Each structure stands twice: as structure tokens, then as C-alpha cells.
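Notes to accompany the following structure.
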Amino acid sequence: METLMGTSAAGDWTKPDNGPRDCARQGSQQDWPGFFTRLHVCLQAVQVTTREAVRLEVPEGFTHWEDLCARVREQEGILFFIGNGASSSMCSHFALDVGKNARFRTQMFGDAALLTALGNDICFEQIFVEPLRRNARPGDMLVAVSSSGNSPNVVAAATAARQAGLRVVTLTGMSPANRMRDLGDLNFWVDADAYGMVETAHAAILHHWTDRLVARYGGRK
């Protein structure tokens, strides 16, 4: 009998015959010790650079990020978060945590109606640019997350935010020459070529940043 979406007639989920069998097969990441060893190496190798391509020590980068956030807070500004796919999920997570636990004003553009309307009526590359134009003001901050650093819609938004006077922080990976790496006031880059590794490192970076803000502002209004 005909099957649909990899489901047999009996209702059992089956792998399609022509589908990927092991998409996680990437050298030492196949086993658990290899995975966390590689992750440890990636986190140790994170690089932080300024808009002028000056390299900072990672602790110095986090301190600078925290200080930029302090200025946003003093001006009653907003921290905006953007990303695609898994990066979008992280943006939703940390917009919530920073807003709830560190008491910042935050906004993340993830509403399906908004994004599909802008993608259909204008173009997908502008789905973050347009709401930023309507909601952001100089002195706000954009946290832009892209594993490759080359996502056209995130690149466009980071470029527009920079031109509009927002503070910009980027989190990227893959190629050290990715398009976003020189767009931020601060740029965190993960030296990894696997999406799962970059995404996991980005989550760790965002958690550490959030913990610092919570330690400094948690409980304050």
C-alpha cells in the first residue's frame, strides 16, 4: 500500500529508502566523548572582535557586551533578537530570559503571521529589516544569530541596524570570513563547521551573557 510521510499502512514510522541514514556522521562527533571534547575545544577557541576587527579576550568581550547593555538599559532601550530556524528558537528563549530574569525590555520577531506576510508581500530578505524600522530607535541593541553568518535576512537586518544607530552584537560560526563578522560592535565567532556544534556553542555564549545580566540586574525594576 502507498505510504505517506514515511508512515506505513500499519501506522509505523519508517525511514524513507532514499533518505539520510546518519546525518550526524562527522568524525569524532559520532561518539559522546568525541562530541563533548570537540565542543570543549570550540568553546575554548571562540573569538571576539570589535567593529574595527580588534580581537578581544573572551572575558573582555563579555564585559564589553554587558557594558553596552547597561547603556541600553539607562536609555530605556530595547534588546532585539533575530535568527532563523534553531537560531530563532534560541532568540525566543533568551529574549524571554533576559526580559523576565534581568528585567530588560526585549523583543524577538518570530510571529508566523508577521514573517509570512512580510516574506510574501515584500521579500524574505526583509522580514527582520521592516519590523526593526518600525520599532527600533538609535541606542537600542540588535543581537543577531546565524550559524553560517551569511543568512541574507539576518545580514540585511544587521546592516540596517548599524546604519540606524543601533548597537549590534553578532553570533556566527563556519567561515571566519562570513558576512556578519564585521557588522557588529561585538562579534562572537565559533570555529566549527557543523551546525549542531555552532548552535550548541551559541547557546552556551547566550547563557553566560544572560547569567551575567541576571547577576547584575535580577530583581531590579
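If you're wondering about the labels, chains in the C-alpha cells are A, B, ... by order shown, residues count from 1 in each chain, ligands from 1 in order shown.
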Write out as a PDB file with all heavy atoms, in the first residue's frame each polymer residue whose atoms come within 8 Å of Met141 (chain A), counting only C-alpha atoms; drop sequence neighbours fewer than 3 positions from it.
```pdb
ATOM      1  N   CYS A  69      24.953  46.731  27.155  1.00  0.00           N
ATOM      2  CA  CYS A  69      23.589  46.501  27.633  1.00  0.00           C
ATOM      3  C   CYS A  69      23.221  47.508  28.721  1.00  0.00           C
ATOM      4  O   CYS A  69      22.066  47.959  28.794  1.00  0.00           O
ATOM      5  CB  CYS A  69      23.445  45.079  28.173  1.00  0.00           C
ATOM      6  SG  CYS A  69      23.532  43.794  26.915  1.00  0.00           S
ATOM      7  N   VAL A  72      22.061  50.579  27.061  1.00  0.00           N
ATOM      8  CA  VAL A  72      20.702  50.399  26.528  1.00  0.00           C
ATOM      9  C   VAL A  72      19.685  50.540  27.653  1.00  0.00           C
ATOM     10  O   VAL A  72      18.654  51.213  27.508  1.00  0.00           O
ATOM     11  CB  VAL A  72      20.564  49.019  25.844  1.00  0.00           C
ATOM     12  CG1 VAL A  72      19.117  48.777  25.417  1.00  0.00           C
ATOM     13  CG2 VAL A  72      21.492  48.917  24.636  1.00  0.00           C
ATOM     14  N   GLY A  77      16.076  51.486  26.472  1.00  0.00           N
ATOM     15  CA  GLY A  77      16.015  50.918  25.131  1.00  0.00           C
ATOM     16  C   GLY A  77      15.573  49.465  25.135  1.00  0.00           C
ATOM     17  O   GLY A  77      15.243  48.877  26.178  1.00  0.00           O
ATOM     18  N   ILE A  78      15.601  48.873  23.946  1.00  0.00           N
ATOM     19  CA  ILE A  78      15.117  47.512  23.737  1.00  0.00           C
ATOM     20  C   ILE A  78      16.254  46.658  23.178  1.00  0.00           C
ATOM     21  O   ILE A  78      17.027  47.108  22.330  1.00  0.00           O
ATOM     22  CB  ILE A  78      13.920  47.498  22.763  1.00  0.00           C
ATOM     23  CG1 ILE A  78      12.755  48.311  23.324  1.00  0.00           C
ATOM     24  CG2 ILE A  78      13.468  46.062  22.464  1.00  0.00           C
ATOM     25  CD1 ILE A  78      11.588  48.452  22.350  1.00  0.00           C
ATOM     26  N   LEU A  79      16.313  45.408  23.646  1.00  0.00           N
ATOM     27  CA  LEU A  79      17.191  44.415  23.051  1.00  0.00           C
ATOM     28  C   LEU A  79      16.372  43.596  22.059  1.00  0.00           C
ATOM     29  O   LEU A  79      15.412  42.931  22.440  1.00  0.00           O
ATOM     30  CB  LEU A  79      17.766  43.478  24.123  1.00  0.00           C
ATOM     31  CG  LEU A  79      18.499  44.106  25.309  1.00  0.00           C
ATOM     32  CD1 LEU A  79      19.032  42.999  26.223  1.00  0.00           C
ATOM     33  CD2 LEU A  79      19.634  44.995  24.844  1.00  0.00           C
ATOM     34  N   PHE A  80      16.722  43.670  20.782  1.00  0.00           N
ATOM     35  CA  PHE A  80      16.050  42.912  19.739  1.00  0.00           C
ATOM     36  C   PHE A  80      16.870  41.667  19.411  1.00  0.00           C
ATOM     37  O   PHE A  80      18.102  41.710  19.382  1.00  0.00           O
ATOM     38  CB  PHE A  80      15.885  43.758  18.469  1.00  0.00           C
ATOM     39  CG  PHE A  80      14.947  44.915  18.630  1.00  0.00           C
ATOM     40  CD1 PHE A  80      15.431  46.170  18.981  1.00  0.00           C
ATOM     41  CD2 PHE A  80      13.587  44.754  18.433  1.00  0.00           C
ATOM     42  CE1 PHE A  80      14.573  47.239  19.129  1.00  0.00           C
ATOM     43  CE2 PHE A  80      12.712  45.827  18.580  1.00  0.00           C
ATOM     44  CZ  PHE A  80      13.205  47.074  18.929  1.00  0.00           C
ATOM     45  N   LEU A 166      21.802  51.521  15.890  1.00  0.00           N
ATOM     46  CA  LEU A 166      21.645  50.524  16.944  1.00  0.00           C
ATOM     47  C   LEU A 166      23.010  49.931  17.297  1.00  0.00           C
ATOM     48  O   LEU A 166      23.914  49.888  16.469  1.00  0.00           O
ATOM     49  CB  LEU A 166      20.716  49.389  16.506  1.00  0.00           C
ATOM     50  CG  LEU A 166      19.211  49.608  16.685  1.00  0.00           C
ATOM     51  CD1 LEU A 166      18.701  50.649  15.691  1.00  0.00           C
ATOM     52  CD2 LEU A 166      18.461  48.297  16.505  1.00  0.00           C
ATOM     53  N   ARG A 167      23.131  49.476  18.531  1.00  0.00           N
ATOM     54  CA  ARG A 167      24.288  48.669  18.901  1.00  0.00           C
ATOM     55  C   ARG A 167      24.025  47.257  18.387  1.00  0.00           C
ATOM     56  O   ARG A 167      22.924  46.737  18.556  1.00  0.00           O
ATOM     57  CB  ARG A 167      24.476  48.676  20.411  1.00  0.00           C
ATOM     58  CG  ARG A 167      24.693  50.082  20.980  1.00  0.00           C
ATOM     59  CD  ARG A 167      24.706  50.075  22.502  1.00  0.00           C
ATOM     60  NE  ARG A 167      25.015  51.403  23.027  1.00  0.00           N
ATOM     61  CZ  ARG A 167      24.117  52.300  23.424  1.00  0.00           C
ATOM     62  NH1 ARG A 167      22.822  52.006  23.349  1.00  0.00           N
ATOM     63  NH2 ARG A 167      24.487  53.479  23.899  1.00  0.00           N
ATOM     64  N   VAL A 168      25.018  46.642  17.777  1.00  0.00           N
ATOM     65  CA  VAL A 168      24.831  45.334  17.145  1.00  0.00           C
ATOM     66  C   VAL A 168      25.832  44.334  17.719  1.00  0.00           C
ATOM     67  O   VAL A 168      27.026  44.624  17.812  1.00  0.00           O
ATOM     68  CB  VAL A 168      24.996  45.419  15.615  1.00  0.00           C
ATOM     69  CG1 VAL A 168      24.832  44.041  14.970  1.00  0.00           C
ATOM     70  CG2 VAL A 168      23.995  46.412  15.014  1.00  0.00           C
ATOM     71  N   VAL A 169      25.314  43.159  18.101  1.00  0.00           N
ATOM     72  CA  VAL A 169      26.156  42.052  18.544  1.00  0.00           C
ATOM     73  C   VAL A 169      25.815  40.853  17.667  1.00  0.00           C
ATOM     74  O   VAL A 169      24.638  40.503  17.515  1.00  0.00           O
ATOM     75  CB  VAL A 169      25.915  41.711  20.026  1.00  0.00           C
ATOM     76  CG1 VAL A 169      26.748  40.489  20.440  1.00  0.00           C
ATOM     77  CG2 VAL A 169      26.260  42.905  20.911  1.00  0.00           C
TER      78      VAL A 169
END
```
Each residue of region 41-63 of chain A lying at most 9 Å from region 195-219 of chain A should get a row with its shortest atom-to-atom pair and the distance in Å to one decimal, counting only C-alpha atoms; could you produce that, ordered by chain and increasing number, as CSV?
```
residue,atom,partner,partner_atom,distance
A:Cys42,CA,A:Ala201,CA,7.3
A:Leu43,CA,A:Ala201,CA,6.3
A:Val46,CA,A:Ala201,CA,8.6
A:Phe62,CA,A:Trp209,CA,6.7
A:Thr63,CA,A:Arg212,CA,8.9
```
If you run DSSP on the backbone, which residues of region 51-92 of chain A are helix (DSSP H, G or I), as a list of chain:residue names? A:Val58, A:Pro59, A:Glu60, A:Gly61, A:Phe62, A:Thr63, A:His64, A:Trp65, A:Glu66, A:Asp67, A:Leu68, A:Cys69, A:Ala70, A:Arg71, A:Val72, A:Arg73, A:Glu74, A:Ala86, A:Ser87, A:Ser88, A:Ser89, A:Met90, A:Cys91, A:Ser92
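Residue nearest Phe94 (chain A), chosen from A:Ala53, A:Thr116, A:Pro131, A:Ala144 and counting only C-alpha atoms: A:Ala144.
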Could you check which of A:Gly61, A:Pro138, A:Ile82, A:Leu186 is closest to Asp111 (chain A), using only C-alpha atoms? A:Ile82
Contacts of Gln75 (chain A) at 9 Å or less, counting only C-alpha atoms, minus same-chain residues fewer than 4 places along, as a ChimeraX atom specification? /A:70-71,139-140
Selection above as a file: N, CA and C atoms, as a PDB file, in the first residue's frame:
```pdb
ATOM      1  N   ALA A  70      24.182  47.863  29.564  1.00  0.00           N
ATOM      2  CA  ALA A  70      23.922  48.849  30.614  1.00  0.00           C
ATOM      3  C   ALA A  70      23.510  50.181  30.000  1.00  0.00           C
ATOM      4  N   ARG A  71      24.144  50.549  28.897  1.00  0.00           N
ATOM      5  CA  ARG A  71      23.791  51.808  28.232  1.00  0.00           C
ATOM      6  C   ARG A  71      22.391  51.729  27.626  1.00  0.00           C
ATOM      7  N   GLY A 139      20.394  53.603  19.670  1.00  0.00           N
ATOM      8  CA  GLY A 139      20.740  53.268  21.041  1.00  0.00           C
ATOM      9  C   GLY A 139      20.196  51.938  21.514  1.00  0.00           C
ATOM     10  N   ASP A 140      19.211  51.368  20.781  1.00  0.00           N
ATOM     11  CA  ASP A 140      18.753  50.015  21.076  1.00  0.00           C
ATOM     12  C   ASP A 140      19.850  49.029  20.682  1.00  0.00           C
TER      13      ASP A 140
END
```
